[in-house]
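Containing compact mmCIF, C-alpha atoms and all ligand atoms: upload.txt.
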```
# COMPACT_ATOMS: atom_id res chain seq x y z
CA MET A 18 59.24 -41.84 32.63
CA LEU A 19 58.23 -45.05 30.89
CA LYS A 20 55.36 -44.88 28.49
CA ARG A 21 52.28 -47.05 28.67
CA SER A 22 53.48 -49.23 25.81
CA ASP A 23 56.70 -50.06 27.66
CA ALA A 24 54.81 -51.54 30.58
CA TRP A 25 52.55 -53.53 28.27
CA SER A 26 55.31 -54.89 26.20
CA ARG A 27 57.22 -56.01 29.27
CA ILE A 28 54.33 -58.30 30.20
CA LEU A 29 53.39 -59.33 26.70
CA SER A 30 56.82 -59.69 25.14
CA GLY A 31 57.29 -63.16 23.75
CA ARG A 32 53.58 -63.92 24.05
CA PRO A 33 51.63 -64.68 20.90
CA THR A 34 49.37 -61.95 19.52
CA ASP A 35 49.17 -63.17 15.94
CA LYS A 36 47.89 -66.69 16.63
CA HIS A 37 44.58 -66.91 18.39
CA PHE A 38 41.63 -69.12 19.18
CA VAL A 39 38.34 -68.69 17.33
CA GLU A 40 36.43 -67.70 20.41
CA ALA A 41 37.10 -67.26 24.13
CA GLU A 42 34.97 -66.76 27.19
CA ALA A 43 35.70 -65.82 30.79
CA PHE A 44 34.03 -64.75 34.02
CA ALA A 45 35.27 -62.24 36.60
CA CYS A 46 33.58 -61.42 39.88
CA ALA A 47 32.61 -57.95 40.99
CA ASN A 48 34.36 -56.62 44.07
CA ILE A 49 33.44 -54.27 46.87
CA ALA A 50 36.23 -52.28 48.49
CA LEU A 51 36.35 -52.39 52.27
CA ILE A 52 39.26 -49.94 52.15
CA LYS A 53 38.68 -47.68 49.15
CA TYR A 54 40.80 -46.72 46.20
CA TRP A 55 40.22 -42.99 45.87
CA GLY A 56 42.69 -40.84 43.96
CA LYS A 57 45.35 -41.54 41.34
CA ARG A 58 49.04 -40.76 41.22
CA ASP A 59 49.03 -41.46 37.47
CA GLN A 60 45.92 -40.88 35.35
CA GLU A 61 47.01 -42.80 32.30
CA LEU A 62 48.20 -45.95 34.04
CA ASN A 63 45.48 -45.84 36.72
CA LEU A 64 48.07 -45.90 39.49
CA PRO A 65 46.53 -45.25 42.91
CA LYS A 66 47.73 -42.89 45.62
CA THR A 67 47.11 -45.61 48.23
CA SER A 68 46.63 -49.35 48.53
CA SER A 69 43.10 -50.72 48.92
CA LEU A 70 41.41 -53.94 50.01
CA SER A 71 38.28 -55.60 48.69
CA ILE A 72 36.04 -58.63 48.89
CA SER A 73 35.02 -60.35 45.66
CA LEU A 74 31.36 -61.14 45.15
CA ASN A 75 31.61 -64.76 44.10
CA THR A 76 29.08 -65.38 41.27
CA LEU A 77 28.05 -61.74 40.88
CA GLY A 78 30.09 -60.19 38.11
CA THR A 79 30.58 -60.26 34.36
CA ARG A 80 30.78 -63.03 31.76
CA THR A 81 32.43 -61.97 28.52
CA ARG A 82 32.64 -63.89 25.25
CA LEU A 83 34.70 -62.61 22.35
CA LYS A 84 35.35 -63.67 18.81
CA LYS A 85 36.93 -62.19 15.73
CA SER A 86 34.85 -59.89 13.61
CA PHE A 87 35.66 -58.77 10.06
CA ASP A 88 35.15 -55.09 9.56
CA ARG A 89 34.26 -53.45 12.88
CA ASP A 90 33.85 -53.96 16.62
CA SER A 91 30.38 -54.84 17.80
CA ILE A 92 29.57 -54.91 21.47
CA TYR A 93 26.52 -56.42 23.15
CA LEU A 94 25.68 -55.66 26.76
CA ASN A 95 23.17 -58.02 28.37
CA GLY A 96 22.02 -59.12 24.91
CA LYS A 97 21.55 -55.59 23.50
CA ALA A 98 23.77 -54.17 20.75
CA LEU A 99 25.42 -50.93 21.86
CA SER A 100 25.95 -47.97 19.57
CA GLU A 101 29.49 -47.04 18.51
CA ALA A 102 28.90 -43.61 20.08
CA ASP A 103 28.29 -45.14 23.52
CA GLY A 104 30.91 -44.02 26.06
CA PHE A 105 31.36 -47.58 27.35
CA VAL A 106 31.99 -48.88 23.81
CA GLN A 107 34.61 -46.23 23.16
CA ARG A 108 36.35 -47.00 26.43
CA LEU A 109 36.35 -50.71 25.64
CA CYS A 110 37.69 -50.18 22.11
CA ARG A 111 40.50 -47.94 23.35
CA PHE A 112 41.41 -50.66 25.82
CA LEU A 113 41.39 -53.35 23.09
CA ASP A 114 43.61 -51.14 20.92
CA LEU A 115 46.38 -51.66 23.48
CA PHE A 116 46.60 -55.35 22.58
CA ARG A 117 45.40 -55.99 19.09
CA SER A 118 46.98 -55.50 15.71
CA ARG A 119 45.74 -52.92 13.25
CA GLY A 120 42.60 -54.00 11.38
CA GLU A 121 41.69 -56.60 13.99
CA TYR A 122 38.09 -56.40 15.23
CA PHE A 123 35.98 -58.19 17.80
CA GLU A 124 32.43 -59.16 18.50
CA ILE A 125 32.02 -58.99 22.26
CA HIS A 126 29.11 -60.25 24.33
CA THR A 127 29.09 -59.03 27.89
CA GLN A 128 26.60 -60.29 30.43
CA ASN A 129 26.45 -58.58 33.81
CA THR A 130 24.86 -60.22 36.79
CA ILE A 131 25.24 -56.96 38.68
CA PRO A 132 23.57 -53.60 37.81
CA THR A 133 25.73 -51.59 35.42
CA ALA A 134 27.21 -48.21 36.40
CA ALA A 135 25.24 -47.76 39.60
CA GLY A 136 28.26 -47.82 41.86
CA LEU A 137 28.16 -51.61 41.91
CA ALA A 138 31.55 -52.22 40.34
CA SER A 139 30.36 -53.53 36.97
CA SER A 140 33.24 -51.84 35.16
CA ALA A 141 35.70 -53.63 37.45
CA SER A 142 34.35 -57.09 36.65
CA GLY A 143 33.87 -56.02 33.01
CA PHE A 144 37.53 -55.17 32.37
CA ALA A 145 38.75 -58.12 34.44
CA ALA A 146 36.56 -60.53 32.44
CA LEU A 147 37.78 -58.97 29.20
CA ILE A 148 41.44 -59.45 30.13
CA LYS A 149 40.78 -63.05 31.16
CA ALA A 150 38.98 -63.66 27.85
CA LEU A 151 41.81 -62.00 25.85
CA ASN A 152 44.33 -64.13 27.73
CA ARG A 153 42.49 -67.23 26.52
CA PHE A 154 41.83 -65.88 23.04
CA TYR A 155 45.50 -65.13 22.34
CA GLY A 156 46.83 -67.99 24.47
CA TRP A 157 49.08 -65.60 26.44
CA LYS A 158 49.18 -67.83 29.56
CA LEU A 159 49.46 -64.83 31.90
CA ASN A 160 49.48 -65.36 35.65
CA THR A 161 47.01 -63.56 37.95
CA LYS A 162 49.48 -60.79 38.82
CA GLU A 163 50.05 -60.00 35.15
CA MET A 164 46.33 -60.06 34.41
CA SER A 165 45.75 -57.77 37.37
CA ILE A 166 48.24 -55.22 35.99
CA LEU A 167 46.62 -55.29 32.56
CA ALA A 168 43.04 -55.13 33.91
CA ARG A 169 44.05 -52.10 35.99
CA MET A 170 44.57 -50.18 32.76
CA GLY A 171 40.87 -50.50 31.90
CA SER A 172 39.61 -49.44 35.31
CA GLY A 173 41.67 -49.22 38.49
CA SER A 174 39.45 -51.40 40.64
CA ALA A 175 39.36 -54.07 37.87
CA CYS A 176 42.76 -55.28 39.08
CA ARG A 177 41.01 -56.52 42.24
CA SER A 178 38.44 -58.52 40.23
CA ILE A 179 40.80 -61.15 38.85
CA GLU A 180 40.69 -63.24 42.00
CA PRO A 181 38.02 -64.33 44.51
CA GLY A 182 37.99 -63.74 48.27
CA PHE A 183 39.78 -60.92 50.07
CA VAL A 184 42.07 -59.06 47.71
CA LEU A 185 44.75 -56.45 48.42
CA TRP A 186 45.79 -53.99 45.73
CA HIS A 187 49.35 -52.85 46.40
CA ALA A 188 49.65 -49.20 45.40
CA GLY A 189 53.29 -49.68 44.38
CA ASP A 190 55.64 -46.79 43.76
CA ARG A 191 57.18 -47.47 40.37
CA SER A 192 56.31 -45.03 37.62
CA ASP A 193 55.69 -47.86 35.12
CA GLY A 194 53.08 -49.45 37.43
CA MET A 195 54.66 -52.89 37.35
CA ASP A 196 54.41 -53.16 41.15
CA SER A 197 50.80 -51.92 41.29
CA TYR A 198 48.71 -55.09 41.26
CA ALA A 199 46.20 -56.93 43.39
CA GLU A 200 46.64 -60.28 45.09
CA ARG A 201 44.40 -62.63 46.95
CA LEU A 202 44.89 -62.80 50.70
CA ASP A 203 45.36 -66.20 52.20
CA THR A 204 42.31 -66.00 54.43
CA THR A 205 38.61 -66.77 54.23
CA TRP A 206 35.63 -65.79 56.37
CA PRO A 207 32.76 -68.20 55.65
CA GLU A 208 30.44 -66.38 58.08
CA LEU A 209 30.67 -63.05 56.28
CA ARG A 210 27.68 -61.91 54.26
CA ILE A 211 27.32 -58.88 51.99
CA GLY A 212 23.84 -57.43 51.49
CA ILE A 213 23.30 -55.31 48.41
CA VAL A 214 20.59 -52.74 48.99
CA LEU A 215 19.71 -51.46 45.56
CA LEU A 216 18.28 -47.96 45.93
CA SER A 217 18.95 -46.68 42.43
CA THR A 218 19.84 -48.29 39.10
CA GLU A 219 20.34 -44.92 37.44
CA LYS A 220 23.69 -44.20 35.87
CA LYS A 221 25.79 -42.21 38.34
CA SER A 222 25.85 -38.44 37.86
CA ILE A 223 29.66 -38.29 37.61
CA SER A 224 32.12 -41.11 36.96
CA SER A 225 34.40 -42.20 39.78
CA ARG A 226 37.37 -41.29 37.58
CA ARG A 227 36.29 -37.63 37.35
CA ALA A 228 35.04 -37.53 40.94
CA MET A 229 38.29 -38.76 42.46
CA GLN A 230 40.34 -36.36 40.36
CA ARG A 231 38.21 -33.40 41.40
CA THR A 232 38.61 -34.51 45.02
CA VAL A 233 42.39 -34.78 44.73
CA ASP A 234 42.54 -31.33 43.08
CA THR A 235 40.15 -29.34 45.27
CA SER A 236 39.33 -31.05 48.57
CA ILE A 237 41.36 -29.98 51.59
CA LEU A 238 40.15 -33.13 53.36
CA TYR A 239 41.91 -35.28 50.77
CA ARG A 240 45.21 -34.41 52.47
CA ALA A 241 44.22 -36.66 55.37
CA TRP A 242 43.10 -39.54 53.14
CA PRO A 243 46.42 -41.44 52.74
CA GLN A 244 46.89 -41.43 56.52
CA LYS A 245 43.33 -42.66 57.03
CA VAL A 246 43.92 -45.52 54.57
CA ASP A 247 47.17 -46.52 56.31
CA GLN A 248 45.41 -46.73 59.66
CA ASP A 249 42.40 -48.56 58.26
CA LEU A 250 44.51 -51.12 56.39
CA LEU A 251 46.28 -52.01 59.63
CA GLN A 252 42.96 -52.34 61.44
CA ILE A 253 41.30 -54.45 58.77
CA LYS A 254 44.27 -56.80 58.51
CA LYS A 255 44.05 -57.23 62.28
CA ALA A 256 40.29 -57.88 61.99
CA LEU A 257 40.91 -60.54 59.32
CA LEU A 258 43.58 -62.22 61.41
CA GLN A 259 41.52 -62.25 64.61
CA LYS A 260 38.16 -62.79 62.84
CA ASN A 261 36.96 -59.73 64.71
CA PHE A 262 33.75 -58.86 62.88
CA SER A 263 32.94 -55.59 64.64
CA LEU A 264 36.47 -54.30 63.92
CA LEU A 265 36.06 -55.25 60.25
CA GLY A 266 32.66 -53.57 59.99
CA LYS A 267 33.64 -50.44 61.89
CA THR A 268 36.80 -49.98 59.83
CA ALA A 269 35.05 -50.48 56.48
CA GLU A 270 32.17 -48.17 57.37
CA SER A 271 34.43 -45.43 58.66
CA ASN A 272 36.64 -45.70 55.57
CA ALA A 273 33.65 -45.36 53.21
CA LEU A 274 32.23 -42.39 55.12
CA SER A 275 35.62 -40.68 55.07
CA MET A 276 35.86 -41.18 51.31
CA HIS A 277 32.47 -39.56 50.81
CA ALA A 278 33.47 -36.75 53.19
CA THR A 279 36.47 -35.88 51.01
CA GLY A 280 34.06 -35.57 48.07
CA LEU A 281 31.68 -33.29 49.97
CA ALA A 282 34.61 -30.94 50.61
CA ALA A 283 35.54 -30.84 46.90
CA TRP A 284 34.43 -28.04 44.63
CA PRO A 285 31.99 -28.30 42.91
CA PRO A 286 30.87 -30.58 45.76
CA LEU A 287 30.33 -34.29 45.18
CA CYS A 288 27.48 -36.15 46.76
CA TYR A 289 26.33 -39.53 45.46
CA TRP A 290 23.73 -39.98 48.18
CA GLN A 291 20.00 -39.87 47.55
CA PRO A 292 17.45 -39.26 50.33
CA SER A 293 16.90 -43.05 50.41
CA THR A 294 20.65 -43.54 51.00
CA LEU A 295 20.60 -41.41 54.13
CA GLN A 296 17.43 -43.10 55.31
CA THR A 297 19.13 -46.50 54.93
CA ILE A 298 22.22 -45.31 56.81
CA HIS A 299 20.06 -44.15 59.73
CA GLN A 300 18.17 -47.44 59.67
CA ILE A 301 21.49 -49.32 59.95
CA TRP A 302 22.66 -47.13 62.83
CA SER A 303 19.36 -47.64 64.62
CA LEU A 304 19.54 -51.44 64.17
CA ARG A 305 23.10 -51.34 65.51
CA GLN A 306 21.87 -49.51 68.60
CA GLN A 307 19.36 -52.31 69.05
CA GLY A 308 22.23 -54.80 69.19
CA PHE A 309 22.64 -56.00 65.57
CA GLU A 310 26.20 -56.43 64.33
CA LEU A 311 25.44 -54.59 61.11
CA PHE A 312 27.73 -52.24 59.17
CA PHE A 313 27.82 -50.76 55.69
CA THR A 314 30.04 -49.53 52.92
CA MET A 315 29.30 -47.43 49.82
CA ASP A 316 31.04 -46.62 46.57
CA ALA A 317 30.55 -43.89 43.98
CA GLY A 318 26.79 -44.34 43.79
CA ALA A 319 23.61 -44.18 45.85
CA ASN A 320 23.50 -47.86 46.79
CA VAL A 321 24.44 -49.29 50.15
CA LYS A 322 26.20 -52.59 50.85
CA LEU A 323 25.63 -54.17 54.23
CA LEU A 324 28.12 -56.28 56.15
CA PHE A 325 26.75 -58.83 58.58
CA LYS A 326 27.18 -62.40 59.77
CA ALA A 327 25.44 -65.47 58.34
CA ARG A 328 23.63 -66.16 61.61
CA ASP A 329 21.85 -62.75 61.40
CA LYS A 330 20.77 -63.19 57.77
CA LYS A 331 17.07 -63.87 58.45
CA ASP A 332 16.70 -60.88 60.79
CA ILE A 333 18.55 -58.48 58.51
CA GLU A 334 16.54 -59.64 55.48
CA THR A 335 13.29 -58.82 57.30
CA HIS A 336 14.50 -55.26 57.73
CA PHE A 337 15.73 -54.97 54.12
CA PRO A 338 13.25 -57.07 52.10
CA ASN A 339 14.71 -56.05 48.71
CA MET A 340 18.29 -56.80 49.66
CA GLN A 341 20.33 -59.34 47.70
CA THR A 342 22.56 -61.38 50.01
CA VAL A 343 25.93 -62.57 48.77
CA ASP A 344 27.96 -65.34 50.39
CA PRO A 345 31.49 -64.51 49.17
CA PHE A 346 32.99 -67.86 50.15
CA ALA A 347 30.20 -70.29 49.14
O1 LIG B 401 37.99 -48.35 39.31
P1 LIG B 401 37.16 -47.14 39.26
O2 LIG B 401 37.75 -46.07 38.41
O3 LIG B 401 35.72 -47.45 38.86
O4 LIG B 401 37.09 -46.53 40.76
C1 LIG B 401 36.46 -47.19 41.83
C2 LIG B 401 36.34 -46.30 43.00
C3 LIG B 401 35.48 -46.78 44.14
O5 LIG B 401 34.56 -47.75 43.72
C4 LIG B 401 34.69 -45.61 44.68
C5 LIG B 401 36.33 -47.33 45.27
C6 LIG B 401 36.92 -48.70 45.09
O6 LIG B 401 37.99 -48.93 45.67
O7 LIG B 401 36.35 -49.54 44.40
```
Now, as a test, write the supplied structure out as structure tokens.
Ligand code: PMV
Amino acid sequence: MLKRSDAWSRILSGRPTDKHFVEAEAFACANIALIKYWGKRDQELNLPKTSSLSISLNTLGTRTRLKKSFDRDSIYLNGKALSEADGFVQRLCRFLDLFRSRGEYFEIHTQNTIPTAAGLASSASGFAALIKALNRFYGWKLNTKEMSILARMGSGSACRSIEPGFVLWHAGDRSDGMDSYAERLDTTWPELRIGIVLLSTEKKSISSRRAMQRTVDTSILYRAWPQKVDQDLLQIKKALLQKNFSLLGKTAESNALSMHATGLAAWPPLCYWQPSTLQTIHQIWSLRQQGFELFFTMDAGANVKLLFKARDKKDIETHFPNMQTVDPFA
């Protein structure tokens, strides 16, 4: 089997790593999976068991600025210096080690416009913004597929944050991961709105990395997951083609609930939901019974993301006064 460094060097061979710009900055949008990535076939390369499909959140995401530093890495998150012992800092430094030469250090300023580590995909936009900034800093001139492969190494879902709009992450089957990348789908849906219902900004109790591994290892329901994803991908592609909103919403909601169900059947059991999460789910179901075309999806956290159409925005906002509405195609 190829080692991590082989895959890297294939993309970066012939690209400059010794020459660089003084400073570089880049933005990457956060993304919400409509068909989830849940379970890895390779832990080190972040290779998924199945493909997944997401929608990028336009201006919500991460802006990262980096410059050379002399004797150590220093990392600032939303203006605050982070300690070297911080788990996020260590993860970031390990990721940087894959690209830089020995004795090379960075000062990195990361600004999130989306709550960090509350199941709102800040690590995805974080690693995607970092790869885009490194690409500029070193002048690599990578294309979006190559950046997607490299971002994937920081966090799996980061490979879907390189591009805007609807994005499909091909699981791939090669052991070196060179065919596991995300690409933008050639379709838009200007009427689609995403509502972020922030119920908790607390750091999640268990990382998605550990949670998905425990699910793969111990949940009998996980056996059905690849089949569920296959079916849902077909349905959602059909929904995108036909602009069938209720098919899109139904498929995304069912996929998210199935993902959480696999976690409940793991041992020790996994449940990211808070009482307010369940209350929100019931509120959505009740509004749907009243005739609203309203659906939801959820990731590894307590927060809920609503899916609805632009024309229902005012009504939905009255029911969820603290919701932040995103127009992915504005
Ligand atoms: O990329 P990670 O390791 O943060 O995993 C993300 C997993 C989910 O958010 C739960 C699903 C997804 O596809 O984004």
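Of the residues under consideration (A:Gln252, A:Gln230, A:Gln128, A:Ser86), A:Gln230 shows the shortest atom-to-atom contact distance to A:Thr279 when counting only C-alpha atoms.
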List every residue of chain A that has an atom at most 8 Å from any atom of ligand LIG 401 (chain B), giving for each one its closest atom pair and the distance in Å to one decimal, counting all atoms listed in the file, sorted by chain and then by ascending residue number, as a Markdown table.
```
| residue | atom | partner | partner_atom | distance |
| --- | --- | --- | --- | --- |
| A:Asn48 | CA | B:LIG401 | O7 | 7.4 |
| A:Ile49 | CA | B:LIG401 | O7 | 6.1 |
| A:Ala50 | CA | B:LIG401 | O6 | 4.7 |
| A:Leu51 | CA | B:LIG401 | O6 | 7.6 |
| A:Ile52 | CA | B:LIG401 | O6 | 6.7 |
| A:Lys53 | CA | B:LIG401 | O6 | 3.8 |
| A:Tyr54 | CA | B:LIG401 | O6 | 3.6 |
| A:Trp55 | CA | B:LIG401 | C2 | 5.9 |
| A:Asn63 | CA | B:LIG401 | O2 | 7.9 |
| A:Ser69 | CA | B:LIG401 | O6 | 6.3 |
| A:Leu70 | CA | B:LIG401 | O6 | 7.5 |
| A:Ser71 | CA | B:LIG401 | O6 | 7.3 |
| A:Gly136 | CA | B:LIG401 | O5 | 6.6 |
| A:Leu137 | CA | B:LIG401 | O5 | 7.7 |
| A:Ala138 | CA | B:LIG401 | O5 | 6.4 |
| A:Ser140 | CA | B:LIG401 | O3 | 6.3 |
| A:Ala141 | CA | B:LIG401 | O1 | 6.0 |
| A:Arg169 | CA | B:LIG401 | O1 | 7.9 |
| A:Ser172 | CA | B:LIG401 | O1 | 4.5 |
| A:Gly173 | CA | B:LIG401 | O1 | 3.9 |
| A:Ser174 | CA | B:LIG401 | O1 | 3.6 |
| A:Ala175 | CA | B:LIG401 | O1 | 6.1 |
| A:Ser224 | CA | B:LIG401 | O3 | 7.5 |
| A:Ser225 | CA | B:LIG401 | O4 | 5.2 |
| A:Arg226 | CA | B:LIG401 | O2 | 4.9 |
| A:Met229 | CA | B:LIG401 | C2 | 7.8 |
| A:Met315 | CA | B:LIG401 | C4 | 7.7 |
| A:Asp316 | CA | B:LIG401 | C4 | 4.2 |
| A:Ala317 | CA | B:LIG401 | C4 | 4.5 |
```
Write out as a list of chain:residue names each polymer residue whose atoms come within 6 Å of A:Ile131, counting all atoms listed in the file; drop sequence neighbours fewer than 2 positions from it. A:Leu77, A:Gly78, A:Asn129
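Considering the residues A:Thr127, A:Thr81, A:Thr268, A:Gln107 and counting only C-alpha atoms, A:Gly171 has its shortest atom-to-atom contact with A:Gln107.
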Leaving out stretch 198-209 of chain A and any residue of its chain fewer than 5 positions from it, which residues lie within 7 Å of it when counting only C-alpha atoms, given as JSON, numbers by chain? {"A": [162, 165, 166, 176, 177, 180, 182, 183, 184, 185, 186, 187, 325, 326, 327, 344, 346]}
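Around the point (27.7, -56.0, 21.5), within 10 Å and counting only C-alpha atoms, we find these residues: Leu83, Asp90, Ser91, Ile92, Tyr93, Leu94, Asn95, Gly96, Lys97, Ala98, Leu99, Ser100, Glu101, Val106, Phe123, Glu124, Ile125, His126, Thr127 and Gln128 of chain A.
By chain and then residue number, the residues within 9 Å of A:Phe87 are Gly120, Glu121, Tyr122 and Phe123 of chain A, counting all atoms listed in the file and disregarding those fewer than 4 positions away in sequence.
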Given only C-alpha atoms as the basis, pick out the residue of A:Asn320, A:Trp290, A:Asp247, A:Trp157 nearest to A:Ala188. A:Asp247
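In terms of minimum interatomic distance to A:Leu64, A:Ser197 ranks closest within A:Thr79, A:Ser118, A:Ser197, A:Ser222, counting only C-alpha atoms.
Distance annotation: of A:Leu238, A:Ala43, A:Leu258, A:Leu304, the residue with the minimal separation from A:Ala278 is A:Leu238; atom set is only C-alpha atoms.
Across A:Ala168, A:Val233, A:Val39, A:Leu62, the tightest approach to A:Gly280 is made by A:Val233 when counting only C-alpha atoms.
In this structure, atom CA of A:Arg80 sits 6.3 Å away from atom CA of A:Ala146.
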Serialized stretch 94-108 of chain A w/ N, CA and C atoms as a PDB file, in the first residue's frame:
```pdb
ATOM      1  N   LEU A  94      -7.203  32.233  16.655  1.00  0.00           N
ATOM      2  CA  LEU A  94      -8.554  31.877  16.197  1.00  0.00           C
ATOM      3  C   LEU A  94      -9.497  33.003  16.601  1.00  0.00           C
ATOM      4  N   ASN A  95     -10.143  33.602  15.637  1.00  0.00           N
ATOM      5  CA  ASN A  95     -11.032  34.749  15.872  1.00  0.00           C
ATOM      6  C   ASN A  95     -10.347  35.813  16.731  1.00  0.00           C
ATOM      7  N   GLY A  96      -9.087  36.097  16.434  1.00  0.00           N
ATOM      8  CA  GLY A  96      -8.352  37.161  17.109  1.00  0.00           C
ATOM      9  C   GLY A  96      -7.661  36.750  18.403  1.00  0.00           C
ATOM     10  N   LYS A  97      -7.910  35.538  18.887  1.00  0.00           N
ATOM     11  CA  LYS A  97      -7.336  35.098  20.173  1.00  0.00           C
ATOM     12  C   LYS A  97      -6.198  34.111  19.948  1.00  0.00           C
ATOM     13  N   ALA A  98      -5.066  34.350  20.621  1.00  0.00           N
ATOM     14  CA  ALA A  98      -3.934  33.422  20.472  1.00  0.00           C
ATOM     15  C   ALA A  98      -4.277  32.094  21.147  1.00  0.00           C
ATOM     16  N   LEU A  99      -4.012  30.986  20.469  1.00  0.00           N
ATOM     17  CA  LEU A  99      -4.304  29.674  21.048  1.00  0.00           C
ATOM     18  C   LEU A  99      -3.028  29.084  21.655  1.00  0.00           C
ATOM     19  N   SER A 100      -3.219  28.305  22.701  1.00  0.00           N
ATOM     20  CA  SER A 100      -2.058  27.687  23.350  1.00  0.00           C
ATOM     21  C   SER A 100      -1.544  26.517  22.504  1.00  0.00           C
ATOM     22  N   GLU A 101      -0.234  26.269  22.617  1.00  0.00           N
ATOM     23  CA  GLU A 101       0.373  25.167  21.859  1.00  0.00           C
ATOM     24  C   GLU A 101      -0.233  23.824  22.229  1.00  0.00           C
ATOM     25  N   ALA A 102      -0.794  23.749  23.464  1.00  0.00           N
ATOM     26  CA  ALA A 102      -1.352  22.486  23.953  1.00  0.00           C
ATOM     27  C   ALA A 102      -2.758  22.233  23.391  1.00  0.00           C
ATOM     28  N   ASP A 103      -3.352  23.251  22.789  1.00  0.00           N
ATOM     29  CA  ASP A 103      -4.707  23.125  22.248  1.00  0.00           C
ATOM     30  C   ASP A 103      -4.774  22.028  21.171  1.00  0.00           C
ATOM     31  N   GLY A 104      -5.797  21.189  21.253  1.00  0.00           N
ATOM     32  CA  GLY A 104      -5.928  20.072  20.315  1.00  0.00           C
ATOM     33  C   GLY A 104      -5.994  20.536  18.865  1.00  0.00           C
ATOM     34  N   PHE A 105      -6.681  21.651  18.638  1.00  0.00           N
ATOM     35  CA  PHE A 105      -6.842  22.194  17.279  1.00  0.00           C
ATOM     36  C   PHE A 105      -5.482  22.640  16.730  1.00  0.00           C
ATOM     37  N   VAL A 106      -4.678  23.258  17.601  1.00  0.00           N
ATOM     38  CA  VAL A 106      -3.345  23.735  17.187  1.00  0.00           C
ATOM     39  C   VAL A 106      -2.469  22.543  16.798  1.00  0.00           C
ATOM     40  N   GLN A 107      -2.531  21.499  17.606  1.00  0.00           N
ATOM     41  CA  GLN A 107      -1.698  20.331  17.309  1.00  0.00           C
ATOM     42  C   GLN A 107      -2.106  19.670  15.988  1.00  0.00           C
ATOM     43  N   ARG A 108      -3.416  19.642  15.763  1.00  0.00           N
ATOM     44  CA  ARG A 108      -3.925  19.049  14.522  1.00  0.00           C
ATOM     45  C   ARG A 108      -3.464  19.871  13.308  1.00  0.00           C
TER      46      ARG A 108
END
```
